[in-house]
Amino acid sequence: MNRKEEILYAALGLAAENGIRGVSMSQIADKVGIKAPSLYNHFKSKDEIIREMYIFFREQAQNGGGSLSVDLSKLGDRSIEEILLGSVSAYMGIITDKNMLQFFKVLYSERVTNPVAAQIVVEETERMIRSSRNMFYAFVVHGKVKNDDIDIAAMTYSLTIHSLIDYRMDMLIAGMIQEFGEDGNPVPKNITDFIRWFSRQIGV
């Protein structure tokens, strides 16, 4: 692990305990075991650390096998429901990765008051909308859905999934549940139920 990675892990641990607002650059430096001026050689500000945490931990989670992307050239005879469930299940692999989940819990608890946290949540939502739009246009090409208001359908799908993830994340932060998934399934039942319903609405 290099020094930058040490800083990111230290910042994540402190933020999980105290919230982003409760973490200072000097605290991060102390946890890593370096002087504050040395920390600024790697990152100019706490906001830069937060953004780098998002990039780093998301990449780590993706390398672990989680992804929202679907091989659009191999949709074959799979149903819309199978494809969407597979895509969401893979995405859950990203957000339920140990470090990524810890990072998201911090973000979700502070996005109302922290502009950087809010920007990252918006960025993640827009990423989901773009991926869904590409997938839905591939559905049209493969004759799985009608070419009617695909952009609206993709946005509606993405924002609903995102809202259901928000709801689940809030329950997790509030201590109402102990894990993001449900009954051994990484995808909570309300998300599965929505995907099944939505697939019937848009299918040919």
# chains A, B, ... in the order shown; residues from 1 in each chain; ligands from 1

$ residues_around --residues "segment 179-195 of chain A" --least-positions-apart "5" --cutoff "12 Å" --atoms "only C-alpha atoms" --output "PyMOL selection string"
chain A and resi 66+79-98+101-102+104-105+156-174+200-203

$ residues_around --residues "Asn2 of chain A" --least-positions-apart "6" --cutoff "12 Å" --atoms "only C-alpha atoms" --output "ChimeraX atom specification"
/A:8-9,32,42

$ write_last_selection --atoms "C-alpha atoms" --output "mmCIF file, in the first residue's frame"
data_model
loop_
_atom_site.group_PDB
_atom_site.id
_atom_site.type_symbol
_atom_site.label_atom_id
_atom_site.label_comp_id
_atom_site.auth_asym_id
_atom_site.auth_seq_id
_atom_site.Cartn_x
_atom_site.Cartn_y
_atom_site.Cartn_z
ATOM 1 C CA LEU A 8 -7.409 7.380 1.946
ATOM 2 C CA TYR A 9 -7.930 4.443 4.306
ATOM 3 C CA VAL A 32 -1.126 7.985 9.047
ATOM 4 C CA HIS A 42 -0.255 14.404 -1.502
#

$ select_by_dssp --residues "segment 18-79 of chain A" --states "alpha helix (DSSP H)" --output "VMD selection string"
chain A and resid 18 25 to 32 36 to 39 46 to 63

$ write_last_selection --atoms "C-alpha atoms" --output "PDB file, in the first residue's frame"
ATOM      1  CA  ASN A  18     -16.709  11.267  13.225  1.00  0.00           C
ATOM      2  CA  MET A  25      -6.285  17.322   7.828  1.00  0.00           C
ATOM      3  CA  SER A  26      -4.139  17.187  10.981  1.00  0.00           C
ATOM      4  CA  GLN A  27      -6.170  14.230  12.304  1.00  0.00           C
ATOM      5  CA  ILE A  28      -5.638  12.366   9.038  1.00  0.00           C
ATOM      6  CA  ALA A  29      -1.911  13.117   9.164  1.00  0.00           C
ATOM      7  CA  ASP A  30      -1.716  11.892  12.778  1.00  0.00           C
ATOM      8  CA  LYS A  31      -3.508   8.645  11.932  1.00  0.00           C
ATOM      9  CA  VAL A  32      -1.126   7.985   9.047  1.00  0.00           C
ATOM     10  CA  ALA A  36       0.484  17.808   8.376  1.00  0.00           C
ATOM     11  CA  PRO A  37       2.741  19.555   5.806  1.00  0.00           C
ATOM     12  CA  SER A  38       3.635  16.122   4.374  1.00  0.00           C
ATOM     13  CA  LEU A  39      -0.069  15.375   3.917  1.00  0.00           C
ATOM     14  CA  LYS A  46      -9.954  17.542   2.563  1.00  0.00           C
ATOM     15  CA  ASP A  47     -12.372  17.925  -0.373  1.00  0.00           C
ATOM     16  CA  GLU A  48      -9.718  16.513  -2.697  1.00  0.00           C
ATOM     17  CA  ILE A  49      -9.275  13.557  -0.354  1.00  0.00           C
ATOM     18  CA  ILE A  50     -13.037  12.902  -0.375  1.00  0.00           C
ATOM     19  CA  ARG A  51     -13.181  12.927  -4.167  1.00  0.00           C
ATOM     20  CA  GLU A  52     -10.141  10.668  -4.413  1.00  0.00           C
ATOM     21  CA  MET A  53     -11.721   8.291  -1.895  1.00  0.00           C
ATOM     22  CA  TYR A  54     -14.737   7.965  -4.192  1.00  0.00           C
ATOM     23  CA  ILE A  55     -12.583   7.216  -7.246  1.00  0.00           C
ATOM     24  CA  PHE A  56     -10.250   4.838  -5.409  1.00  0.00           C
ATOM     25  CA  PHE A  57     -12.796   2.797  -3.442  1.00  0.00           C
ATOM     26  CA  ARG A  58     -15.186   2.563  -6.395  1.00  0.00           C
ATOM     27  CA  GLU A  59     -12.365   1.279  -8.585  1.00  0.00           C
ATOM     28  CA  GLN A  60     -11.383  -1.217  -5.881  1.00  0.00           C
ATOM     29  CA  ALA A  61     -14.968  -2.468  -5.692  1.00  0.00           C
ATOM     30  CA  GLN A  62     -15.209  -2.803  -9.470  1.00  0.00           C
ATOM     31  CA  ASN A  63     -11.956  -4.759  -9.558  1.00  0.00           C
TER      32      ASN A  63
END

$ closest_residue --among "A:His142, A:Ile7, A:Trp197, A:Asp151" --to "Gly76 of chain A" --atoms "only C-alpha atoms"
A:His142

$ residues_around --residues "Ala16 of chain A" --least-positions-apart "4" --cutoff "12 Å" --atoms "only C-alpha atoms" --output "list in words"
Tyr9, Ala10, Ala11, Leu12, Ile20, Arg21, Gly22, Val23, Asn99, Met100, Leu101, Gln102, Phe103, Phe104, Lys105, Val106, Leu107, Tyr108, Ser109, Glu110 and Ile173 of chain A

$ closest_residue --among "A:Ala15, A:Leu75, A:Ile34, A:Met1" --to "Val141 of chain A" --atoms "only C-alpha atoms"
A:Leu75

$ closest_residue --among "A:Glu126, A:Tyr40, A:Val145, A:Arg133" --to "Phe198 of chain A" --atoms "only C-alpha atoms"
A:Val145

$ select_by_dssp --residues "chain A" --states "strand (DSSP E or B)" --output "VMD selection string"
chain A and resid 145 182 185 203

$ write_last_selection --atoms "N, CA and C atoms" --output "mmCIF file, in the first residue's frame"
data_model
loop_
_atom_site.group_PDB
_atom_site.id
_atom_site.type_symbol
_atom_site.label_atom_id
_atom_site.label_comp_id
_atom_site.auth_asym_id
_atom_site.auth_seq_id
_atom_site.Cartn_x
_atom_site.Cartn_y
_atom_site.Cartn_z
ATOM 1 N N VAL A 145 -37.976 -4.002 -26.484
ATOM 2 C CA VAL A 145 -38.892 -2.931 -26.093
ATOM 3 C C VAL A 145 -39.215 -2.073 -27.307
ATOM 4 N N GLU A 182 -30.969 -8.572 1.532
ATOM 5 C CA GLU A 182 -32.111 -9.102 2.284
ATOM 6 C C GLU A 182 -32.224 -10.604 2.061
ATOM 7 N N ASN A 185 -29.837 -12.327 -0.220
ATOM 8 C CA ASN A 185 -29.777 -11.791 -1.586
ATOM 9 C C ASN A 185 -29.199 -10.383 -1.526
ATOM 10 N N GLY A 203 -41.733 -4.148 -21.749
ATOM 11 C CA GLY A 203 -41.475 -5.232 -22.693
ATOM 12 C C GLY A 203 -42.452 -5.244 -23.855
#

$ atom_distance --atom1 "atom CA of Ser131 of chain A" --atom2 "atom CA of Gln178 of chain A"
29.1 Å
